[in-house]
$ cat data-v5.txt   # compact mmCIF, C-alpha atoms
# COMPACT_ATOMS: atom_id res chain seq x y z
CA MET A 1 70.62 146.42 -70.80
CA ASN A 2 70.80 145.06 -74.34
CA LEU A 3 67.53 144.68 -76.22
CA ILE A 4 66.51 142.73 -79.30
CA ALA A 5 63.16 144.01 -80.53
CA ASP A 6 60.79 143.45 -83.42
CA ILE A 7 58.84 146.57 -84.37
CA ALA A 8 55.74 146.56 -86.57
CA ILE A 9 54.47 150.12 -86.90
CA ILE A 10 51.11 150.93 -88.51
CA PRO A 11 49.92 154.49 -89.24
CA LEU A 12 46.12 154.81 -89.23
CA GLY A 13 44.02 157.26 -91.16
CA VAL A 14 46.45 157.56 -94.09
CA GLY A 15 45.04 155.04 -96.55
CA ASN A 16 46.31 151.55 -97.11
CA SER A 17 49.78 152.16 -98.52
CA LEU A 18 51.97 152.01 -95.46
CA SER A 19 55.45 151.61 -96.96
CA PRO A 20 56.42 155.33 -96.93
CA TYR A 21 55.73 155.36 -93.19
CA VAL A 22 57.50 152.09 -92.50
CA ALA A 23 60.50 153.42 -94.46
CA ALA A 24 60.48 156.64 -92.45
CA CYS A 25 60.70 154.67 -89.20
CA GLU A 26 63.40 152.44 -90.66
CA ARG A 27 65.45 155.57 -91.42
CA VAL A 28 64.97 156.80 -87.86
CA LEU A 29 66.24 153.50 -86.47
CA ARG A 30 69.27 153.44 -88.80
CA GLU A 31 70.14 157.07 -88.17
CA ALA A 32 70.14 156.25 -84.47
CA GLY A 33 73.01 153.86 -85.23
CA LEU A 34 70.98 150.76 -84.45
CA LYS A 35 71.41 147.48 -86.31
CA THR A 36 68.19 146.68 -88.16
CA GLN A 37 66.91 143.73 -90.18
CA LEU A 38 63.82 144.59 -92.20
CA HIS A 39 61.45 141.66 -92.76
CA ALA A 40 58.03 141.15 -94.31
CA ASN A 41 56.08 142.00 -91.15
CA GLY A 42 58.27 144.39 -89.23
CA THR A 43 61.88 145.21 -88.56
CA ASN A 44 64.20 143.65 -86.04
CA VAL A 45 66.49 145.94 -84.14
CA GLU A 46 69.30 145.39 -81.67
CA GLY A 47 70.92 147.81 -79.28
CA ASP A 48 70.92 149.43 -75.90
CA TRP A 49 67.42 149.51 -74.37
CA ASP A 50 67.33 153.28 -74.00
CA GLU A 51 68.56 153.92 -77.54
CA VAL A 52 66.05 151.54 -79.12
CA MET A 53 63.22 153.07 -77.11
CA ALA A 54 64.28 156.64 -77.92
CA ALA A 55 64.26 155.74 -81.63
CA LEU A 56 60.85 154.09 -81.36
CA LYS A 57 59.43 157.23 -79.75
CA ARG A 58 60.93 159.26 -82.57
CA CYS A 59 59.23 156.92 -85.09
CA HIS A 60 55.83 157.70 -83.56
CA GLU A 61 56.60 161.43 -83.62
CA VAL A 62 57.78 161.34 -87.24
CA LEU A 63 54.72 159.42 -88.44
CA HIS A 64 52.45 161.93 -86.72
CA GLU A 65 54.44 164.75 -88.38
CA MET A 66 53.89 162.99 -91.73
CA GLY A 67 50.15 163.31 -91.15
CA ALA A 68 49.06 160.12 -89.42
CA PRO A 69 46.51 160.99 -86.72
CA ARG A 70 47.01 157.60 -85.08
CA VAL A 71 50.04 155.34 -84.90
CA ALA A 72 49.80 151.74 -83.65
CA THR A 73 52.88 149.64 -82.98
CA ASN A 74 53.13 145.98 -82.16
CA MET A 75 56.46 145.15 -80.61
CA ARG A 76 58.27 142.09 -79.33
CA LEU A 77 61.05 142.75 -76.83
CA GLY A 78 63.63 140.33 -75.51
CA THR A 79 66.28 140.82 -72.84
CA ARG A 80 68.52 138.17 -71.30
CA THR A 81 71.08 138.07 -68.53
CA ASP A 82 72.48 134.56 -69.04
CA LYS A 83 74.53 135.35 -72.11
CA ALA A 84 75.15 137.90 -74.86
CA GLN A 85 73.17 137.14 -78.00
CA THR A 86 72.79 138.99 -81.29
CA MET A 87 69.96 138.84 -83.82
CA ASN A 88 72.16 136.68 -86.05
CA ASP A 89 72.92 134.35 -83.13
CA LYS A 90 69.18 133.79 -82.71
CA ILE A 91 68.70 132.88 -86.37
CA LYS A 92 71.79 130.64 -86.47
CA SER A 93 70.66 128.81 -83.36
CA VAL A 94 67.40 127.78 -85.06
CA GLU A 95 69.08 127.00 -88.39
CA GLN A 96 71.55 124.67 -86.71
CA LYS A 97 68.66 122.69 -85.26
CA LEU A 98 67.02 122.55 -88.70
CA ASP A 99 70.25 121.31 -90.33
CA ALA A 100 70.81 118.74 -87.60
CA GLN A 101 67.54 116.99 -88.29
CA MET B 1 52.97 162.33 -75.85
CA ASN B 2 50.24 160.23 -74.27
CA LEU B 3 50.46 156.46 -74.71
CA ILE B 4 47.96 153.66 -74.31
CA ALA B 5 49.80 150.35 -74.23
CA ASP B 6 49.05 146.67 -73.70
CA ILE B 7 51.89 144.78 -72.07
CA ALA B 8 52.19 141.00 -72.02
CA ILE B 9 55.39 140.04 -70.21
CA ILE B 10 56.70 136.47 -70.15
CA PRO B 11 59.69 135.34 -68.05
CA LEU B 12 61.51 132.36 -69.59
CA GLY B 13 63.47 129.71 -67.76
CA VAL B 14 61.41 129.87 -64.56
CA GLY B 15 58.90 127.09 -65.10
CA ASN B 16 55.34 127.49 -66.24
CA SER B 17 53.76 129.44 -63.40
CA LEU B 18 54.10 133.02 -64.53
CA SER B 19 51.69 134.85 -62.24
CA PRO B 20 54.24 135.91 -59.56
CA TYR B 21 56.22 137.63 -62.33
CA VAL B 22 53.19 139.21 -63.96
CA ALA B 23 52.13 140.49 -60.54
CA ALA B 24 55.60 141.95 -59.92
CA CYS B 25 55.40 143.94 -63.17
CA GLU B 26 51.85 145.03 -62.33
CA ARG B 27 53.15 146.43 -59.03
CA VAL B 28 55.92 148.29 -60.85
CA LEU B 29 53.39 149.90 -63.19
CA ARG B 30 51.05 150.88 -60.34
CA GLU B 31 53.85 152.21 -58.16
CA ALA B 32 54.87 154.39 -61.11
CA GLY B 33 51.46 156.04 -60.77
CA LEU B 34 50.18 154.67 -64.07
CA LYS B 35 46.57 153.65 -64.62
CA THR B 36 46.44 149.92 -65.32
CA GLN B 37 43.72 147.47 -66.35
CA LEU B 38 44.77 143.87 -65.87
CA HIS B 39 43.18 141.42 -68.32
CA ALA B 40 43.51 137.74 -69.15
CA ASN B 41 46.39 138.14 -71.60
CA GLY B 42 48.23 141.24 -70.43
CA THR B 43 47.71 144.56 -68.77
CA ASN B 44 46.62 147.82 -70.34
CA VAL B 45 48.33 150.94 -69.18
CA GLU B 46 47.85 154.62 -69.89
CA GLY B 47 50.18 157.54 -69.29
CA ASP B 48 52.96 159.70 -70.56
CA TRP B 49 55.16 157.85 -73.08
CA ASP B 50 58.35 158.26 -71.05
CA GLU B 51 56.76 157.17 -67.79
CA VAL B 52 55.21 154.04 -69.32
CA MET B 53 58.50 153.12 -70.96
CA ALA B 54 60.53 153.72 -67.80
CA ALA B 55 58.16 151.41 -65.92
CA LEU B 56 58.38 148.73 -68.61
CA LYS B 57 62.17 148.81 -68.41
CA ARG B 58 61.91 148.45 -64.65
CA CYS B 59 59.62 145.41 -65.18
CA HIS B 60 62.33 143.69 -67.22
CA GLU B 61 64.94 144.53 -64.59
CA VAL B 62 62.76 143.28 -61.73
CA LEU B 63 61.98 139.98 -63.47
CA HIS B 64 65.68 139.40 -64.09
CA GLU B 65 66.34 140.19 -60.41
CA MET B 66 63.68 137.58 -59.49
CA GLY B 67 65.74 135.01 -61.37
CA ALA B 68 64.43 134.96 -64.93
CA PRO B 69 67.39 134.63 -67.33
CA ARG B 70 65.22 135.78 -70.23
CA VAL B 71 62.25 138.11 -70.37
CA ALA B 72 60.06 138.42 -73.46
CA THR B 73 57.42 141.11 -73.81
CA ASN B 74 54.77 141.55 -76.44
CA MET B 75 53.43 145.07 -76.47
CA ARG B 76 50.82 147.05 -78.36
CA LEU B 77 51.32 150.81 -78.36
CA GLY B 78 48.94 153.48 -79.55
CA THR B 79 49.41 157.25 -79.82
CA ARG B 80 47.08 159.76 -81.43
CA THR B 81 47.18 163.45 -82.17
CA ASP B 82 43.58 163.99 -83.34
CA LYS B 83 41.97 163.81 -79.90
CA ALA B 84 42.53 162.84 -76.30
CA GLN B 85 41.34 159.32 -75.56
CA THR B 86 41.50 157.16 -72.45
CA MET B 87 41.41 153.38 -72.13
CA ASN B 88 37.81 153.62 -70.97
CA ASP B 89 36.94 155.80 -73.97
CA LYS B 90 38.21 153.07 -76.26
CA ILE B 91 36.08 150.39 -74.60
CA LYS B 92 32.98 152.62 -74.52
CA SER B 93 33.38 153.47 -78.17
CA VAL B 94 33.14 149.79 -79.14
CA GLU B 95 30.36 149.04 -76.64
CA GLN B 96 28.23 151.86 -78.07
CA LYS B 97 28.49 150.29 -81.51
CA LEU B 98 27.52 146.92 -80.05
CA ASP B 99 24.49 148.39 -78.29
CA ALA B 100 23.42 150.30 -81.39
CA GLN B 101 23.10 147.17 -83.46
CA MET C 1 42.52 121.71 -77.76
CA ASN C 2 41.35 124.65 -75.69
CA LEU C 3 42.62 128.10 -76.64
CA ILE C 4 42.75 131.42 -74.82
CA ALA C 5 43.47 134.17 -77.32
CA ASP C 6 43.75 137.94 -77.39
CA ILE C 7 42.69 139.46 -80.69
CA ALA C 8 43.50 143.01 -81.77
CA ILE C 9 42.07 143.58 -85.24
CA ILE C 10 42.85 146.71 -87.27
CA PRO C 11 41.19 147.57 -90.59
CA LEU C 12 43.40 149.67 -92.85
CA GLY C 13 42.30 152.17 -95.47
CA VAL C 14 39.06 153.10 -93.70
CA GLY C 15 40.09 156.21 -91.78
CA ASN C 16 40.98 156.35 -88.14
CA SER C 17 37.70 155.45 -86.44
CA LEU C 18 38.03 151.73 -85.94
CA SER C 19 35.30 151.00 -83.41
CA PRO C 20 32.57 149.97 -85.92
CA TYR C 21 34.95 147.34 -87.24
CA VAL C 22 36.09 146.16 -83.84
CA ALA C 23 32.42 145.88 -82.83
CA ALA C 24 31.63 143.85 -85.96
CA CYS C 25 34.34 141.33 -85.07
CA GLU C 26 33.15 141.24 -81.46
CA ARG C 27 29.67 140.30 -82.71
CA VAL C 28 31.15 137.53 -84.88
CA LEU C 29 32.97 136.09 -81.87
CA ARG C 30 29.89 136.26 -79.64
CA GLU C 31 27.59 134.81 -82.27
CA ALA C 32 30.01 131.90 -82.55
CA GLY C 33 29.19 131.16 -78.91
CA LEU C 34 32.63 132.07 -77.67
CA LYS C 35 33.24 133.73 -74.31
CA THR C 36 34.75 137.16 -74.88
CA GLN C 37 36.19 139.89 -72.67
CA LEU C 38 36.57 143.19 -74.48
CA HIS C 39 39.43 145.37 -73.24
CA ALA C 40 41.06 148.63 -74.24
CA ASN C 41 43.48 147.10 -76.73
CA GLY C 42 41.74 143.98 -78.00
CA THR C 43 39.35 141.28 -76.95
CA ASN C 44 40.13 138.09 -75.07
CA VAL C 45 38.36 134.96 -76.21
CA GLU C 46 38.23 131.43 -74.89
CA GLY C 47 37.08 128.26 -76.61
CA ASP C 48 37.94 125.32 -78.78
CA TRP C 49 40.91 126.09 -81.07
CA ASP C 50 38.99 125.39 -84.28
CA GLU C 51 35.98 127.47 -83.24
CA VAL C 52 38.10 130.46 -82.24
CA MET C 53 40.05 130.28 -85.49
CA ALA C 54 36.92 129.91 -87.63
CA ALA C 55 35.48 133.03 -85.97
CA LEU C 56 38.72 134.96 -86.50
CA LYS C 57 38.66 134.09 -90.19
CA ARG C 58 35.06 135.27 -90.33
CA CYS C 59 36.15 138.57 -88.70
CA HIS C 60 38.64 139.18 -91.51
CA GLU C 61 35.99 138.34 -94.12
CA VAL C 62 33.38 140.60 -92.50
CA LEU C 63 35.78 143.57 -92.27
CA HIS C 64 36.67 143.16 -95.93
CA GLU C 65 32.93 143.04 -96.75
CA MET C 66 32.51 146.29 -94.78
CA GLY C 67 35.00 147.91 -97.15
CA ALA C 68 38.42 147.50 -95.57
CA PRO C 69 40.96 146.67 -98.30
CA ARG C 70 43.44 145.46 -95.70
CA VAL C 71 42.93 143.86 -92.31
CA ALA C 72 45.80 143.42 -89.85
CA THR C 73 45.43 141.36 -86.68
CA ASN C 74 47.77 141.00 -83.78
CA MET C 75 46.98 137.92 -81.74
CA ARG C 76 48.28 136.23 -78.63
CA LEU C 77 47.46 132.53 -78.34
CA GLY C 78 47.92 130.26 -75.35
CA THR C 79 47.39 126.52 -75.01
CA ARG C 80 48.30 124.33 -72.08
CA THR C 81 48.20 120.62 -71.34
CA ASP C 82 49.08 120.65 -67.63
CA LYS C 83 45.71 121.90 -66.39
CA ALA C 84 42.43 123.45 -67.45
CA GLN C 85 42.44 127.22 -67.08
CA THR C 86 39.91 129.89 -67.94
CA MET C 87 40.43 133.57 -68.69
CA ASN C 88 39.10 134.38 -65.21
CA ASP C 89 41.50 131.87 -63.65
CA LYS C 90 44.38 133.72 -65.28
CA ILE C 91 43.27 137.08 -63.89
CA LYS C 92 42.56 135.67 -60.41
CA SER C 93 45.96 134.01 -60.30
CA VAL C 94 47.70 137.38 -60.76
CA GLU C 95 45.33 139.22 -58.41
CA GLN C 96 46.01 136.72 -55.62
CA LYS C 97 49.73 137.42 -55.92
CA LEU C 98 49.01 141.17 -55.80
CA ASP C 99 46.83 140.81 -52.69
CA ALA C 100 49.41 138.58 -50.98
CA GLN C 101 52.08 141.22 -51.15
CA MET D 1 41.86 133.99 -98.72
CA ASN D 2 45.61 134.52 -98.85
CA LEU D 3 47.39 135.22 -95.58
CA ILE D 4 50.78 136.67 -94.72
CA ALA D 5 51.56 135.94 -91.08
CA ASP D 6 54.41 136.39 -88.64
CA ILE D 7 54.57 133.66 -86.02
CA ALA D 8 56.58 133.91 -82.80
CA ILE D 9 56.07 130.72 -80.80
CA ILE D 10 57.31 130.35 -77.22
CA PRO D 11 57.20 127.08 -75.26
CA LEU D 12 56.95 127.63 -71.50
CA GLY D 13 58.20 125.35 -68.75
CA VAL D 14 61.08 123.91 -70.80
CA GLY D 15 63.97 126.11 -69.73
CA ASN D 16 65.36 129.04 -71.65
CA SER D 17 66.75 127.39 -74.78
CA LEU D 18 63.88 127.69 -77.21
CA SER D 19 65.57 126.99 -80.56
CA PRO D 20 64.76 123.25 -80.74
CA TYR D 21 61.09 124.14 -80.39
CA VAL D 22 61.21 127.01 -82.86
CA ALA D 23 62.96 124.68 -85.32
CA ALA D 24 60.27 122.02 -84.83
CA CYS D 25 57.56 124.53 -85.72
CA GLU D 26 59.59 125.74 -88.70
CA ARG D 27 59.72 122.17 -89.98
CA VAL D 28 55.95 121.83 -89.57
CA LEU D 29 55.39 124.99 -91.62
CA ARG D 30 57.79 123.89 -94.37
CA GLU D 31 56.42 120.36 -94.53
CA ALA D 32 52.99 121.91 -95.01
CA GLY D 33 54.36 123.39 -98.24
CA LEU D 34 54.22 126.96 -96.96
CA LYS D 35 56.77 129.60 -97.90
CA THR D 36 58.61 130.70 -94.76
CA GLN D 37 61.18 133.37 -93.96
CA LEU D 38 62.82 132.83 -90.59
CA HIS D 39 63.94 136.01 -88.82
CA ALA D 40 65.41 136.94 -85.47
CA ASN D 41 62.08 137.24 -83.66
CA GLY D 42 59.76 134.85 -85.48
CA THR D 43 59.06 133.40 -88.88
CA ASN D 44 57.05 134.91 -91.70
CA VAL D 45 54.79 132.61 -93.62
CA GLU D 46 52.63 133.02 -96.67
CA GLY D 47 49.82 130.85 -97.97
CA ASP D 48 46.16 130.01 -97.92
CA TRP D 49 44.52 131.03 -94.63
CA ASP D 50 43.33 127.52 -93.79
CA GLU D 51 46.67 125.91 -94.56
CA VAL D 52 48.63 128.41 -92.47
CA MET D 53 46.24 127.98 -89.57
CA ALA D 54 46.29 124.18 -89.78
CA ALA D 55 50.10 124.29 -89.64
CA LEU D 56 50.06 126.67 -86.67
CA LYS D 57 47.73 124.33 -84.79
CA ARG D 58 50.09 121.46 -85.58
CA CYS D 59 52.98 123.56 -84.19
CA HIS D 60 51.20 123.89 -80.85
CA GLU D 61 50.45 120.15 -80.81
CA VAL D 62 54.05 119.23 -81.67
CA LEU D 63 55.51 121.48 -78.97
CA HIS D 64 53.18 119.95 -76.40
CA GLU D 65 54.27 116.48 -77.60
CA MET D 66 57.91 117.57 -77.14
CA GLY D 67 57.10 118.23 -73.47
CA ALA D 68 56.07 121.88 -73.24
CA PRO D 69 53.15 122.17 -70.80
CA ARG D 70 52.32 125.63 -72.14
CA VAL D 71 52.77 127.16 -75.57
CA ALA D 72 52.35 130.88 -76.19
CA THR D 73 52.28 132.34 -79.69
CA ASN D 74 52.32 135.94 -80.77
CA MET D 75 51.12 136.32 -84.33
CA ARG D 76 50.63 139.10 -86.84
CA LEU D 77 48.14 138.36 -89.61
CA GLY D 78 47.50 140.37 -92.75
CA THR D 79 44.90 139.87 -95.47
CA ARG D 80 44.09 142.22 -98.33
CA THR D 81 41.52 142.31 -101.10
CA ASP D 82 42.84 145.25 -103.14
CA LYS D 83 45.76 143.43 -104.70
CA ALA D 84 47.88 140.29 -104.54
CA GLN D 85 51.03 140.79 -102.48
CA THR D 86 53.81 138.44 -101.44
CA MET D 87 56.19 138.69 -98.49
CA ASN D 88 58.94 139.79 -100.89
CA ASP D 89 56.64 142.45 -102.37
CA LYS D 90 56.19 143.89 -98.88
CA ILE D 91 59.94 144.10 -98.27
CA LYS D 92 60.66 145.55 -101.74
CA SER D 93 57.99 148.18 -101.28
CA VAL D 94 59.73 149.54 -98.18
CA GLU D 95 63.22 149.19 -99.67
CA GLN D 96 62.21 151.24 -102.72
CA LYS D 97 61.12 154.07 -100.44
CA LEU D 98 64.42 153.85 -98.58
CA ASP D 99 66.41 153.99 -101.82
CA ALA D 100 64.33 156.87 -103.15
CA GLN D 101 65.21 159.10 -100.26
$ encode --input "data-v5.txt" --output "structure tokens"
Amino acid sequence: MNLIADIAIIPLGVGNSLSPYVAACERVLREAGLKTQLHANGTNVEGDWDEVMAALKRCHEVLHEMGAPRVATNMRLGTRTDKAQTMNDKIKSVEQKLDAQ
Amino acid sequence: MNLIADIAIIPLGVGNSLSPYVAACERVLREAGLKTQLHANGTNVEGDWDEVMAALKRCHEVLHEMGAPRVATNMRLGTRTDKAQTMNDKIKSVEQKLDAQ
Amino acid sequence: MNLIADIAIIPLGVGNSLSPYVAACERVLREAGLKTQLHANGTNVEGDWDEVMAALKRCHEVLHEMGAPRVATNMRLGTRTDKAQTMNDKIKSVEQKLDAQ
Amino acid sequence: MNLIADIAIIPLGVGNSLSPYVAACERVLREAGLKTQLHANGTNVEGDWDEVMAALKRCHEVLHEMGAPRVATNMRLGTRTDKAQTMNDKIKSVEQKLDAQ
């Protein structure tokens, strides 16, 4: 089952500079061979359900290893059976409607 | 790794009555032996990371089998290494602060 | 426009005990006269759109006043025009499907 | 109070092609003069709290006017008092950590 997800990971108890932790998770996702698109409030990722979820678990483990006593993630997940769709397809689909106005 | 999660699952393309689908996922979570607390905008669940995630995947599969061409989930996940904490601990912790005002 | 929302507020840069901050926001919501239902991963709130949003803004302000340099909220919002529905209606609707199994 | 938000809006009861509705909300945000960055699972927006929230309310109204009986939004909100920060600052901050590896 293919999954498009949007992961916003927040380490707690490590001060208010989160970017080293967000970067660490981004590296985990990329090293897992997943396509990622970093954005201002999270990172979008596309791949096989099990591979995305294994990488997300690894992100939590890595952030704990970096010293975060708590890790909170907010995640959006989308699966569909009617057609194949990539992250770029989703963006293009909205942009076409914007252009067609 | 223990996980406390909040799952809000939305089937798309099936009209605007979602409760049969939400109930189907709730049954999946309960049958997996996970502790759940249904609330107005999702369901909280507590358990081993892998077991929660396996049940969530099964929720997506079941909703597709029920006819939903798309399934969108919004999920909050929390892990911590500093202490053990249950869902009820989290609620009590806030209620104590409210009472102590 | 009536709104049912689920608010999960996280102060950053204040350590990893969040309950005093979550309780402060809960008080703001209650003092605004809104119906709230605290749960393990947030609080559900029901009321007029503008009143809920004014209270949420006040939550961010209060947490900053308490010393949090950053405040991150994850929120689910639902509006509907087909029928009136309360938070309890939403829960009952799912529970009926569970009982009817 | 400046706000950086990530808005994922889902109309329910209108089938499974959501892009016309997402595009309609994107137009509302842009016409409000807000900076937006569309991504695969939502749109990031930056601006004054009240202006962002007024535009979000208008998005719900517009989607109802387009025929959606229910509208569900998942939103991430971030405010900070320690320093000014734009959406691009947030992305650059993570990218610098990735490059520095």
$ residues_around --input "data-v5.txt" --residues "His60 in chain D" --least-positions-apart "3" --cutoff "10 Å" --atoms "all atoms listed in the file" --output "list in words"
Met1, Leu77, Gly78, Thr79 and Arg80 of chain C; Ile9, Ile10, Pro11, Tyr21, Cys25, Ala55, Leu56, Lys57, Leu63, His64, Glu65, Met66, Ala68, Arg70, Val71, Ala72 and Thr73 of chain D
$ closest_atom_pairs --input "data-v5.txt" --of "chain D" --to "chain A" --cutoff "10 Å" --atoms "all atoms listed in the file" --output "JSON lines"
{"residue": "D:Ile4", "atom": "CA", "partner": "A:Asn41", "partner_atom": "CA", "distance": 8.3}
{"residue": "D:Ala5", "atom": "CA", "partner": "A:Asn41", "partner_atom": "CA", "distance": 7.6}
{"residue": "D:Asp6", "atom": "CA", "partner": "A:Asn41", "partner_atom": "CA", "distance": 6.4}
{"residue": "D:Ile7", "atom": "CA", "partner": "A:Asn41", "partner_atom": "CA", "distance": 9.9}
{"residue": "D:Ala8", "atom": "CA", "partner": "A:Arg76", "partner_atom": "CA", "distance": 9.0}
{"residue": "D:Asn16", "atom": "CA", "partner": "A:Asp82", "partner_atom": "CA", "distance": 9.4}
{"residue": "D:Ser17", "atom": "CA", "partner": "A:Ser93", "partner_atom": "CA", "distance": 9.5}
{"residue": "D:Leu18", "atom": "CA", "partner": "A:Val94", "partner_atom": "CA", "distance": 8.6}
{"residue": "D:Ser19", "atom": "CA", "partner": "A:Val94", "partner_atom": "CA", "distance": 4.9}
{"residue": "D:Pro20", "atom": "CA", "partner": "A:Lys97", "partner_atom": "CA", "distance": 6.0}
{"residue": "D:Tyr21", "atom": "CA", "partner": "A:Val94", "partner_atom": "CA", "distance": 8.7}
{"residue": "D:Val22", "atom": "CA", "partner": "A:Val94", "partner_atom": "CA", "distance": 6.6}
{"residue": "D:Ala23", "atom": "CA", "partner": "A:Val94", "partner_atom": "CA", "distance": 5.4}
{"residue": "D:Ala24", "atom": "CA", "partner": "A:Leu98", "partner_atom": "CA", "distance": 7.8}
{"residue": "D:Glu26", "atom": "CA", "partner": "A:Leu98", "partner_atom": "CA", "distance": 8.1}
{"residue": "D:Arg27", "atom": "CA", "partner": "A:Leu98", "partner_atom": "CA", "distance": 7.4}
{"residue": "D:Gln37", "atom": "CA", "partner": "A:His39", "partner_atom": "CA", "distance": 8.4}
{"residue": "D:Leu38", "atom": "CA", "partner": "A:Ile91", "partner_atom": "CA", "distance": 7.2}
{"residue": "D:His39", "atom": "CA", "partner": "A:Ile91", "partner_atom": "CA", "distance": 6.2}
{"residue": "D:Ala40", "atom": "CA", "partner": "A:Met87", "partner_atom": "CA", "distance": 5.2}
{"residue": "D:Asn41", "atom": "CA", "partner": "A:Asp6", "partner_atom": "CA", "distance": 6.3}
{"residue": "D:Gly42", "atom": "CA", "partner": "A:Asp6", "partner_atom": "CA", "distance": 8.9}
{"residue": "D:Thr43", "atom": "CA", "partner": "A:Asn41", "partner_atom": "CA", "distance": 9.4}
{"residue": "D:Asn44", "atom": "CA", "partner": "A:Ala40", "partner_atom": "CA", "distance": 6.8}
{"residue": "D:Val45", "atom": "CA", "partner": "A:Ala40", "partner_atom": "CA", "distance": 9.2}
{"residue": "D:Asn74", "atom": "CA", "partner": "A:Arg76", "partner_atom": "CA", "distance": 8.7}
{"residue": "D:Arg76", "atom": "CA", "partner": "A:Asn41", "partner_atom": "CA", "distance": 7.5}
{"residue": "D:Leu77", "atom": "CA", "partner": "A:Asn41", "partner_atom": "CA", "distance": 8.9}
{"residue": "D:Gly78", "atom": "CA", "partner": "A:Asn41", "partner_atom": "CA", "distance": 8.9}
{"residue": "D:Arg80", "atom": "CA", "partner": "A:Asn16", "partner_atom": "CA", "distance": 9.7}
{"residue": "D:Asp82", "atom": "CA", "partner": "A:Asn16", "partner_atom": "CA", "distance": 9.4}
{"residue": "D:Thr86", "atom": "CA", "partner": "A:Ala40", "partner_atom": "CA", "distance": 8.7}
{"residue": "D:Met87", "atom": "CA", "partner": "A:Ala40", "partner_atom": "CA", "distance": 5.2}
{"residue": "D:Asn88", "atom": "CA", "partner": "A:Ala40", "partner_atom": "CA", "distance": 6.8}
{"residue": "D:Asp89", "atom": "CA", "partner": "A:Ala40", "partner_atom": "CA", "distance": 8.3}
{"residue": "D:Lys90", "atom": "CA", "partner": "A:Ala40", "partner_atom": "CA", "distance": 5.6}
{"residue": "D:Ile91", "atom": "CA", "partner": "A:Ala40", "partner_atom": "CA", "distance": 5.3}
{"residue": "D:Lys92", "atom": "CA", "partner": "A:Ala40", "partner_atom": "CA", "distance": 9.0}
{"residue": "D:Ser93", "atom": "CA", "partner": "A:Ser19", "partner_atom": "CA", "distance": 6.1}
{"residue": "D:Val94", "atom": "CA", "partner": "A:Ser19", "partner_atom": "CA", "distance": 4.9}
{"residue": "D:Glu95", "atom": "CA", "partner": "A:Ala23", "partner_atom": "CA", "distance": 7.2}
{"residue": "D:Gln96", "atom": "CA", "partner": "A:Ala23", "partner_atom": "CA", "distance": 8.7}
{"residue": "D:Lys97", "atom": "CA", "partner": "A:Pro20", "partner_atom": "CA", "distance": 6.0}
{"residue": "D:Leu98", "atom": "CA", "partner": "A:Ala23", "partner_atom": "CA", "distance": 5.7}
{"residue": "D:Asp99", "atom": "CA", "partner": "A:Ala23", "partner_atom": "CA", "distance": 9.5}
{"residue": "D:Gln101", "atom": "CA", "partner": "A:Ala23", "partner_atom": "CA", "distance": 9.4}
$ atom_distance --input "data-v5.txt" --atom1 "CA of Val52 in chain B" --atom2 "CA of Lys35 in chain B"
9.8 Å
$ decode --input "data-v5.txt" --residues "range 57-81 of chain C" --atoms "C-alpha atoms" --output "mmCIF file, in the first residue's frame"
data_model
loop_
_atom_site.group_PDB
_atom_site.id
_atom_site.type_symbol
_atom_site.label_atom_id
_atom_site.label_comp_id
_atom_site.auth_asym_id
_atom_site.auth_seq_id
_atom_site.Cartn_x
_atom_site.Cartn_y
_atom_site.Cartn_z
ATOM 1 C CA LYS C 57 -5.595 33.239 20.340
ATOM 2 C CA ARG C 58 -5.813 34.048 24.038
ATOM 3 C CA CYS C 59 -4.286 30.605 24.806
ATOM 4 C CA HIS C 60 -1.242 31.434 22.681
ATOM 5 C CA GLU C 61 -0.925 34.840 24.370
ATOM 6 C CA VAL C 62 -1.248 33.373 27.873
ATOM 7 C CA LEU C 63 1.372 30.670 27.219
ATOM 8 C CA HIS C 64 3.785 33.298 25.923
ATOM 9 C CA GLU C 65 3.077 35.376 29.061
ATOM 10 C CA MET C 66 3.875 32.278 31.158
ATOM 11 C CA GLY C 67 7.323 32.229 29.554
ATOM 12 C CA ALA C 68 7.066 29.990 26.504
ATOM 13 C CA PRO C 69 9.082 31.531 23.651
ATOM 14 C CA ARG C 70 7.308 29.325 21.133
ATOM 15 C CA VAL C 71 3.820 27.863 21.106
ATOM 16 C CA ALA C 72 2.788 25.187 18.603
ATOM 17 C CA THR C 73 -0.823 24.094 18.215
ATOM 18 C CA ASN C 74 -2.258 21.244 16.240
ATOM 19 C CA MET C 75 -5.953 21.697 15.637
ATOM 20 C CA ARG C 76 -8.758 19.823 13.960
ATOM 21 C CA LEU C 77 -11.740 21.941 12.931
ATOM 22 C CA GLY C 78 -15.124 20.772 11.702
ATOM 23 C CA THR C 79 -18.073 22.778 10.405
ATOM 24 C CA ARG C 80 -21.226 21.444 8.809
ATOM 25 C CA THR C 81 -24.292 22.965 7.191
#
